[in-house]
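One file, work16.txt, is given below (compact mmCIF, C-alpha atoms).
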```txt
# COMPACT_ATOMS: atom_id res chain seq x y z
CA MET A 1 -76.48 91.12 112.84
CA GLN A 2 -78.73 93.77 111.32
CA TRP A 3 -75.82 96.24 111.52
CA THR A 4 -73.49 93.92 109.57
CA ASP A 5 -76.22 93.26 107.00
CA ARG A 6 -76.66 97.02 106.56
CA ILE A 7 -72.91 97.48 106.10
CA ARG A 8 -72.90 94.71 103.51
CA GLN A 9 -75.79 96.37 101.64
CA VAL A 10 -73.94 99.70 101.63
CA LYS A 11 -70.84 97.99 100.21
CA ILE A 12 -72.91 96.34 97.48
CA ILE A 13 -74.57 99.66 96.60
CA LEU A 14 -71.17 101.38 96.37
CA VAL A 15 -69.76 98.62 94.16
CA VAL A 16 -72.82 98.75 91.87
CA ALA A 17 -72.54 102.54 91.68
CA ALA A 18 -68.86 102.28 90.78
CA VAL A 19 -69.65 99.72 88.05
CA LEU A 20 -72.43 101.93 86.63
CA ILE A 21 -70.12 104.96 86.57
CA ALA A 22 -67.44 102.90 84.80
CA VAL A 23 -69.90 101.57 82.22
CA ALA A 24 -71.33 105.07 81.63
CA SER A 25 -67.83 106.49 81.19
CA LEU A 26 -66.90 103.80 78.68
CA PHE A 27 -70.18 104.22 76.81
CA ILE A 28 -69.80 107.99 76.51
CA SER A 29 -66.18 107.72 75.40
CA GLN A 30 -67.04 105.10 72.78
CA TYR A 31 -69.89 107.29 71.58
CA LEU A 32 -67.47 110.20 71.12
CA VAL A 33 -64.93 107.96 69.38
CA ARG A 34 -67.62 106.72 67.00
CA ASP A 35 -68.58 110.28 66.07
CA LEU A 36 -64.93 111.17 65.46
CA SER A 37 -64.48 108.02 63.36
CA ILE A 38 -67.45 109.02 61.19
CA GLU A 39 -65.99 112.51 60.80
CA GLU A 40 -62.60 111.08 59.83
CA ARG A 41 -64.24 108.85 57.22
CA HIS A 42 -65.88 111.91 55.71
CA LYS A 43 -62.46 113.56 55.60
CA MET A 44 -61.02 110.49 53.88
CA GLU A 45 -63.82 110.56 51.30
CA VAL A 46 -62.84 114.14 50.48
CA TRP A 47 -59.17 113.11 50.44
CA ALA A 48 -59.95 110.17 48.15
CA GLU A 49 -61.84 112.47 45.80
CA ALA A 50 -58.84 114.78 45.77
CA MET A 51 -56.63 111.83 44.84
CA ARG A 52 -59.04 110.97 42.04
CA SER A 53 -58.90 114.53 40.72
CA PHE A 54 -55.11 114.48 40.97
CA SER A 55 -54.90 111.18 39.04
CA MET A 56 -57.22 112.44 36.26
CA ALA A 57 -55.64 115.92 36.00
CA ASP A 58 -54.13 117.22 32.78
CA GLU A 59 -51.98 120.26 31.99
CA ASN A 60 -55.00 122.59 32.10
CA THR A 61 -56.28 121.50 35.54
CA ASP A 62 -55.79 123.79 38.51
CA LEU A 63 -54.37 121.54 41.24
CA ASN A 64 -53.93 124.14 43.99
CA LEU A 65 -57.08 123.12 45.90
CA VAL A 66 -56.44 119.41 45.27
CA LEU A 67 -52.90 119.58 46.57
CA LYS A 68 -54.02 121.61 49.56
CA VAL A 69 -56.57 118.92 50.54
CA ILE A 70 -53.98 116.16 50.12
CA ASP A 71 -51.28 117.99 52.08
CA GLU A 72 -53.56 118.96 54.97
CA ASN A 73 -53.97 115.35 56.07
CA ASN A 74 -51.29 115.15 58.74
CA THR A 75 -53.03 112.85 61.24
CA ILE A 76 -54.89 110.03 59.46
CA PRO A 77 -52.71 107.08 58.30
CA VAL A 78 -53.37 106.43 54.60
CA ILE A 79 -52.16 103.78 52.13
CA VAL A 80 -53.17 103.88 48.46
CA LEU A 81 -53.45 100.46 46.79
CA ASP A 82 -53.80 99.89 43.04
CA LYS A 83 -56.19 97.35 41.57
CA ASN A 84 -53.57 94.61 42.10
CA GLY A 85 -53.32 95.34 45.81
CA GLN A 86 -49.89 96.96 45.59
CA ALA A 87 -49.16 100.15 47.50
CA THR A 88 -48.41 103.16 45.33
CA THR A 89 -47.99 105.71 48.13
CA PHE A 90 -48.57 106.12 51.85
CA ARG A 91 -48.87 108.96 54.31
CA ASN A 92 -48.63 109.43 58.11
CA ILE A 93 -47.25 105.90 58.54
CA HIS A 94 -43.81 104.95 59.76
CA LEU A 95 -42.58 101.85 57.95
CA GLU A 96 -39.23 100.20 58.40
CA GLY A 97 -37.54 99.11 55.21
CA LEU A 98 -34.17 98.94 53.49
CA ASP A 99 -35.33 101.41 50.88
CA TYR A 100 -38.49 103.03 49.56
CA GLU A 101 -39.44 99.95 47.53
CA ASP A 102 -39.10 97.75 50.60
CA SER A 103 -41.28 100.18 52.54
CA LEU A 104 -43.91 99.99 49.80
CA ARG A 105 -43.99 96.20 50.10
CA ASN A 106 -44.60 96.53 53.83
CA ALA A 107 -47.24 99.18 53.11
CA SER A 108 -48.98 96.75 50.72
CA LEU A 109 -49.37 94.17 53.50
CA MET A 110 -50.66 96.77 55.93
CA GLY A 111 -53.03 98.25 53.36
CA GLN A 112 -54.51 94.83 52.59
CA LYS A 113 -55.26 94.38 56.30
CA MET A 114 -57.02 97.77 56.32
CA LEU A 115 -58.95 96.74 53.21
CA ALA A 116 -60.02 93.47 54.83
CA ALA A 117 -61.17 95.39 57.92
CA GLY A 118 -63.43 97.60 55.78
CA ASN A 119 -61.41 100.78 56.26
CA ALA A 120 -61.09 101.61 52.57
CA ILE A 121 -62.68 103.84 49.94
CA GLN A 122 -62.67 102.67 46.32
CA ILE A 123 -62.42 105.35 43.62
CA PHE A 124 -62.41 104.92 39.85
CA LEU A 125 -59.99 106.80 37.67
CA ASP A 126 -62.43 107.54 34.83
CA GLU A 127 -65.64 109.45 34.48
CA GLU A 128 -67.77 106.38 33.83
CA GLY A 129 -66.58 104.48 36.90
CA LYS A 130 -65.82 101.25 35.03
CA GLY A 131 -62.09 101.41 34.38
CA ASP A 132 -59.05 101.37 36.60
CA PHE A 133 -59.55 102.03 40.28
CA ILE A 134 -57.54 102.50 43.45
CA ASN A 135 -58.34 101.76 47.10
CA VAL A 136 -57.66 104.48 49.62
CA CYS A 137 -57.06 102.50 52.83
CA TYR A 138 -56.92 104.33 56.12
CA ASP A 139 -56.66 103.69 59.84
CA ASP A 140 -57.81 105.56 62.95
CA SER A 141 -55.75 108.60 63.76
CA VAL A 142 -53.50 108.76 66.82
CA MET A 143 -56.04 111.02 68.53
CA ILE A 144 -58.87 108.48 68.18
CA LYS A 145 -56.64 105.65 69.39
CA ARG A 146 -55.68 107.70 72.41
CA LEU A 147 -59.30 108.59 73.12
CA SER A 148 -60.27 104.92 72.81
CA SER A 149 -57.65 103.79 75.32
CA TRP A 150 -57.81 106.74 77.68
CA PRO A 151 -61.01 105.67 79.55
CA TYR A 152 -59.41 102.32 80.37
CA ILE A 153 -56.23 104.03 81.55
CA GLN A 154 -58.30 106.48 83.56
CA LEU A 155 -60.35 103.70 85.16
CA GLY A 156 -57.15 101.79 85.91
CA ILE A 157 -55.65 104.82 87.66
CA VAL A 158 -58.89 105.39 89.59
CA MET A 159 -58.99 101.73 90.64
CA VAL A 160 -55.38 101.90 91.83
CA PHE A 161 -56.20 104.95 93.95
CA VAL A 162 -59.37 103.26 95.25
CA VAL A 163 -57.41 100.14 96.21
CA ILE A 164 -54.75 102.27 97.92
CA ALA A 165 -57.45 104.27 99.73
CA ILE A 166 -59.24 101.11 100.88
CA PHE A 167 -55.95 99.55 101.99
CA ALA A 168 -55.03 102.71 103.92
CA LEU A 169 -58.50 102.84 105.48
CA LEU A 170 -58.37 99.18 106.52
CA THR A 171 -54.85 99.61 107.89
CA SER A 172 -55.91 102.67 109.86
CA LYS A 173 -59.02 100.87 111.10
CA ARG A 174 -56.98 97.83 112.10
CA ALA A 175 -54.45 100.01 113.94
CA GLU A 176 -57.30 101.74 115.74
CA GLN A 177 -58.84 98.39 116.67
CA ASN A 178 -55.46 97.21 117.94
CA LYS A 179 -55.23 100.24 120.21
CA VAL A 180 -58.75 99.60 121.49
CA TRP A 181 -58.00 95.92 122.10
CA VAL A 182 -54.73 96.64 123.89
CA GLY A 183 -56.20 99.46 125.98
CA LEU A 184 -59.29 97.46 126.91
CA SER A 185 -57.24 94.38 127.78
CA LYS A 186 -54.77 96.27 129.96
CA GLU A 187 -57.54 98.15 131.74
CA THR A 188 -59.51 94.94 132.34
CA ALA A 189 -56.45 93.16 133.75
CA HIS A 190 -55.73 96.19 135.95
CA GLN A 191 -59.30 96.43 137.25
CA LEU A 192 -59.43 92.69 138.02
CA GLY A 193 -56.07 92.70 139.80
CA THR A 194 -57.16 94.49 142.99
CA PRO A 195 -60.31 92.46 143.84
CA ILE A 196 -58.53 89.20 142.95
CA SER A 197 -55.71 90.04 145.35
CA SER A 198 -58.28 90.75 148.06
CA LEU A 199 -60.09 87.48 147.37
CA MET A 200 -56.82 85.55 147.56
CA ALA A 201 -56.06 87.15 150.93
CA TRP A 202 -59.54 86.40 152.27
CA THR A 203 -59.24 82.82 151.05
CA GLU A 204 -56.01 82.36 153.00
CA ILE A 205 -57.65 83.80 156.13
CA LEU A 206 -60.61 81.44 155.75
CA LYS A 207 -58.24 78.49 155.35
CA GLU A 208 -56.60 79.35 158.64
CA ASN A 209 -59.89 79.77 160.50
CA TYR A 210 -61.83 76.95 158.82
CA PRO A 211 -59.25 74.42 157.61
CA ASP A 212 -61.80 71.59 157.26
CA ASP A 213 -64.42 73.48 155.26
CA ASP A 214 -65.25 71.60 152.02
CA LEU A 215 -66.20 74.79 150.15
CA LEU A 216 -62.80 76.44 150.46
CA PRO A 217 -61.06 74.30 147.78
CA GLU A 218 -63.80 75.17 145.28
CA MET A 219 -63.56 78.83 146.20
CA ASP A 220 -59.80 78.65 145.75
CA LYS A 221 -60.28 77.15 142.27
CA ASP A 222 -62.60 80.00 141.28
CA VAL A 223 -60.14 82.61 142.53
CA LYS A 224 -57.33 80.97 140.57
CA ARG A 225 -59.63 80.94 137.55
CA LEU A 226 -60.17 84.69 137.91
CA GLN A 227 -56.42 85.14 138.22
CA LEU A 228 -55.94 83.14 135.01
CA ILE A 229 -58.48 85.33 133.20
CA ALA A 230 -56.72 88.50 134.35
CA ASP A 231 -53.41 87.04 133.24
CA ARG A 232 -54.87 86.30 129.81
CA PHE A 233 -56.07 89.86 129.42
CA SER A 234 -52.67 91.18 130.42
CA LYS A 235 -51.05 88.98 127.74
CA ILE A 236 -53.44 90.30 125.06
CA GLY A 237 -52.38 93.81 126.01
CA SER A 238 -48.74 92.96 125.27
CA LEU A 239 -46.79 90.76 122.87
CA PRO A 240 -47.15 87.20 124.26
CA GLU A 241 -44.23 84.83 124.43
CA LEU A 242 -44.55 81.77 122.20
CA VAL A 243 -42.85 78.58 123.35
CA PRO A 244 -42.90 75.00 121.99
CA SER A 245 -45.89 73.37 123.69
CA SER A 246 -47.87 70.16 123.48
CA LEU A 247 -51.18 70.75 121.73
CA ILE A 248 -52.56 67.51 123.14
CA GLU A 249 -51.81 68.70 126.67
CA VAL A 250 -53.49 72.05 126.00
CA MET A 251 -56.55 70.38 124.48
CA THR A 252 -56.76 67.94 127.40
CA HIS A 253 -56.89 70.88 129.82
CA VAL A 254 -59.79 72.34 127.83
CA VAL A 255 -61.65 69.00 127.85
CA ASP A 256 -61.26 68.74 131.63
CA TYR A 257 -62.43 72.33 132.08
CA MET A 258 -65.48 71.89 129.83
CA ASN A 259 -66.44 68.60 131.51
CA ARG A 260 -66.57 70.41 134.86
CA ARG A 261 -68.53 73.36 133.47
CA THR A 262 -71.11 71.61 131.26
CA SER A 263 -73.87 69.13 131.86
CA ALA A 264 -73.65 65.40 131.24
CA LYS A 265 -75.74 65.90 128.10
CA VAL A 266 -72.72 67.45 126.38
CA GLN A 267 -70.27 64.76 125.28
CA MET A 268 -66.65 65.80 124.82
CA VAL A 269 -64.82 63.57 122.31
CA SER A 270 -61.01 63.70 121.99
CA ASP A 271 -59.53 62.64 118.66
CA PHE A 272 -55.79 62.89 119.34
CA PRO A 273 -52.87 61.06 117.67
CA ARG A 274 -50.55 58.73 119.57
CA GLU A 275 -47.52 60.91 118.92
CA ASP A 276 -47.53 64.36 120.46
CA VAL A 277 -47.90 67.45 118.27
CA ILE A 278 -45.64 70.35 119.27
CA ALA A 279 -46.26 73.93 118.13
CA ARG A 280 -45.01 77.36 119.21
CA ILE A 281 -47.93 78.82 121.15
CA ASN A 282 -48.84 80.72 124.26
CA GLY A 283 -50.62 78.04 126.24
CA GLN A 284 -52.97 80.31 128.22
CA LEU A 285 -54.15 82.30 125.20
CA PHE A 286 -54.54 79.24 122.99
CA GLU A 287 -56.60 77.50 125.69
CA TRP A 288 -58.79 80.60 125.71
CA VAL A 289 -59.38 80.24 121.96
CA ILE A 290 -60.44 76.59 122.29
CA GLU A 291 -62.62 77.38 125.31
CA ASN A 292 -64.41 80.11 123.32
CA LEU A 293 -65.04 77.70 120.46
CA CYS A 294 -66.31 75.03 122.84
CA LYS A 295 -68.60 77.47 124.69
CA ASN A 296 -70.05 78.66 121.38
CA ALA A 297 -70.57 75.02 120.43
CA VAL A 298 -72.46 74.37 123.69
CA ASP A 299 -74.68 77.39 122.99
CA ALA A 300 -75.29 76.23 119.41
CA MET A 301 -76.31 72.76 120.65
CA GLU A 302 -78.51 74.33 123.36
CA GLY A 303 -76.75 72.28 126.05
CA GLU A 304 -77.12 68.86 124.45
CA GLY A 305 -74.93 67.18 121.82
CA ARG A 306 -71.35 66.18 121.01
CA ILE A 307 -68.20 68.29 120.69
CA THR A 308 -65.24 66.66 118.93
CA LEU A 309 -61.74 68.04 119.46
CA LEU A 310 -59.24 66.90 116.83
CA VAL A 311 -55.47 67.34 116.68
CA ARG A 312 -53.43 66.34 113.64
CA GLU A 313 -50.16 67.08 111.89
CA GLU A 314 -50.63 67.63 108.13
CA ALA A 315 -48.23 68.97 105.49
CA GLY A 316 -45.93 70.56 108.01
CA LYS A 317 -48.79 72.21 109.92
CA ALA A 318 -50.46 71.56 113.24
CA ILE A 319 -54.20 71.16 112.71
CA VAL A 320 -56.78 71.70 115.45
CA GLU A 321 -60.50 71.25 114.79
CA VAL A 322 -63.53 71.85 116.99
CA ALA A 323 -66.70 70.25 115.63
CA ASP A 324 -70.18 70.31 117.16
CA THR A 325 -73.59 68.86 116.40
CA GLY A 326 -75.42 72.16 116.83
CA LYS A 327 -77.76 74.18 114.66
CA GLY A 328 -75.07 75.27 112.17
CA ILE A 329 -74.39 78.64 110.56
CA ARG A 330 -76.15 80.13 107.56
CA LYS A 331 -73.93 80.46 104.50
CA LYS A 332 -74.40 84.22 104.31
CA ASP A 333 -73.28 84.56 107.95
CA ILE A 334 -70.10 82.45 107.69
CA ARG A 335 -68.04 85.37 106.36
CA ASN A 336 -69.12 87.54 109.31
CA VAL A 337 -68.66 85.16 112.24
CA PHE A 338 -65.27 86.69 113.11
CA THR A 339 -66.48 90.29 112.73
CA PRO A 340 -66.53 92.20 116.05
CA GLY A 341 -70.11 92.71 117.19
CA PHE A 342 -71.60 89.97 115.02
CA THR A 343 -73.70 87.45 116.96
CA THR A 344 -76.76 85.28 116.40
CA LYS A 345 -77.44 84.99 120.13
CA LYS A 346 -80.08 87.00 121.93
CA ARG A 347 -77.46 87.78 124.55
CA GLY A 348 -73.81 88.37 123.83
CA TRP A 349 -71.34 90.97 122.65
CA GLY A 350 -70.13 89.12 119.57
CA LEU A 351 -66.47 89.40 120.61
CA GLY A 352 -65.53 85.78 121.38
CA LEU A 353 -64.73 84.64 117.84
CA SER A 354 -63.19 88.01 117.00
CA LEU A 355 -60.88 87.61 119.98
CA ALA A 356 -60.08 84.03 118.93
CA LYS A 357 -59.18 85.20 115.42
CA ARG A 358 -56.93 87.92 116.81
CA ILE A 359 -55.09 85.49 119.10
CA VAL A 360 -54.59 82.89 116.36
CA GLU A 361 -53.69 85.16 113.45
CA GLU A 362 -52.12 88.24 115.06
CA TYR A 363 -50.18 86.56 117.86
CA HIS A 364 -49.62 83.00 116.62
CA LYS A 365 -49.39 83.84 112.88
CA GLY A 366 -51.78 81.00 112.17
CA ARG A 367 -55.16 80.74 110.52
CA ILE A 368 -58.67 80.10 111.84
CA PHE A 369 -61.76 79.61 109.67
CA VAL A 370 -65.05 77.75 109.35
CA LYS A 371 -64.15 74.47 107.67
CA ASN A 372 -67.76 73.49 107.08
CA SER A 373 -71.21 74.17 108.47
CA GLU A 374 -74.60 72.72 107.72
CA LEU A 375 -77.88 73.90 109.16
CA GLY A 376 -79.29 71.39 111.62
CA LYS A 377 -76.14 69.22 111.60
CA GLY A 378 -73.33 71.29 113.06
CA THR A 379 -70.21 73.37 112.46
CA THR A 380 -66.48 72.67 112.32
CA PHE A 381 -63.88 75.32 113.08
CA ARG A 382 -60.33 74.67 111.91
CA ILE A 383 -57.08 76.18 113.20
CA GLU A 384 -53.79 75.85 111.33
CA LEU A 385 -50.48 76.59 113.08
CA LYS A 386 -46.84 76.29 112.11
CA LEU A 387 -45.06 73.40 113.75
```
Can you present the structure in this file as structure tokens?
Amino acid sequence: MQWTDRIRQVKIILVVAAVLIAVASLFISQYLVRDLSIEERHKMEVWAEAMRSFSMADENTDLNLVLKVIDENNTIPVIVLDKNGQATTFRNIHLEGLDYEDSLRNASLMGQKMLAAGNAIQIFLDEEGKGDFINVCYDDSVMIKRLSSWPYIQLGIVMVFVVIAIFALLTSKRAEQNKVWVGLSKETAHQLGTPISSLMAWTEILKENYPDDDLLPEMDKDVKRLQLIADRFSKIGSLPELVPSSLIEVMTHVVDYMNRRTSAKVQMVSDFPREDVIARINGQLFEWVIENLCKNAVDAMEGEGRITLLVREEAGKAIVEVADTGKGIRKKDIRNVFTPGFTTKKRGWGLGLSLAKRIVEEYHKGRIFVKNSELGKGTTFRIELKL
């Protein structure tokens, strides 16, 4: 549990670090864009002054410097509006129109939007500054617009690569886990096979020599149980065969098994419908899932309480629920209950629920999750299967 908490803390730290880097990148880029915008406004003030000089020029005025300033603006979009709000000229703007006059009308509308946004410099056409005037309206250059959008594009590309990397890592991790599961299962089944065969042979010998011994039937049941466990492990190590099976029959087997293995203080309640519910399952593996859930419920109730097994058919799905009256699960632990190695018990490997999830979701293409859990009142696990 401490290990999973540490992993969660590392994930949170990495996410926070990524967010801080993203915010810092956006802040720095916006800071640079602001400085460039201020510089472009200064350029437009010089350009506006050049336009004022050009408008007030006479035949004795040298316009070489003025024309040079006006012509050197090849990046900043500019629209010049007269005092009536009509465009008189424009530069570095592509406008669609039937003719030049039509383009000027479109420029007037665009210039008024720039004026309303505050991107305009007003200049008077006389020395006193009280007569006619024009508004030099401008917009951000293409470079500034690209710089403004580039951090978002960059972050988007980085996020795509991060998502791809995480997906590849999870896929690789899952494939590695699958190999471990398969290898462990096959090896376990193989190791159990030899002693089980010997026990079966010894049981047959004892039956011949002591046919009336009352302990032999119980011993035979335990040997068959070991054989069933080995068979289950062998099925996990390979692709199990799914056949239409009665869920009520499977659940009844589990109830009978748990009644024999638990004390009278644990009450097993069956909530089954009258009509049978058929689903494509592997009976042995699915029984193992329900047994794991029931054993965890017994541990959570500390050997005293009620376990309710429910079977229903809802919205084209087979529903199986296992509810107990145990101590419940903390909300922060619910997301980790199916994680390999996670356990709240003093003793245990934390593999039971992980194995159950693998059997339900990987082999049966179903879904298993914690439906609800409340501290001190109990937990309900829900399994959804295709009919």
Rounded to one decimal place, report the CA of Lys43 (chain A)-CA of Lys145 (chain A) distance in Å.
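Here the two named atoms are 16.9 Å from each other.
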Might you pull out every residue within 9 Å of Asp126 (chain A), with only C-alpha atoms counted and same-chain residues fewer than 4 positions away left off, and present them as an mmCIF file with C-alpha atoms, in the frame of the given file?
```
data_model
loop_
_atom_site.group_PDB
_atom_site.id
_atom_site.type_symbol
_atom_site.label_atom_id
_atom_site.label_comp_id
_atom_site.auth_asym_id
_atom_site.auth_seq_id
_atom_site.Cartn_x
_atom_site.Cartn_y
_atom_site.Cartn_z
ATOM 1 C CA ARG A 52 -59.040 110.970 42.040
ATOM 2 C CA MET A 56 -57.220 112.440 36.260
ATOM 3 C CA LYS A 130 -65.820 101.250 35.030
ATOM 4 C CA GLY A 131 -62.090 101.410 34.380
ATOM 5 C CA ASP A 132 -59.050 101.370 36.600
ATOM 6 C CA PHE A 133 -59.550 102.030 40.280
#
```
For a cutoff of 12 Å around the file-coordinate point (-58.9, 99.9, 44.0), which residues qualify once you count only C-alpha atoms? I'd like the result as an MDAnalysis selection string.
chainID A and resid 48 52 79:88 111:112 115 120:125 129:137
Just checking: using all atoms listed in the file, which residue out of A:Val16, A:Cys294, A:Ala279, A:Ile38 ends up closest to Ile144 (chain A)?
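Looking at the shortest contact to Ile144 (chain A), the residue is A:Ile38.
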Ranking A:Ser149, A:Glu39, A:Ala57, A:Met51 by minimum distance to Asp71 (chain A) and counting only C-alpha atoms, which one comes first?
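For Asp71 (chain A), the nearest of the given residues is A:Met51.
Straight-line separation from CA of Gly352 (chain A) to CA of Asn292 (chain A): 6.1 Å.
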As a count of residues only, please: the residues near Ile196 (chain A) (cut-off 9 Å, all atoms listed in the file, same-chain neighbours under 6 positions excluded).
5
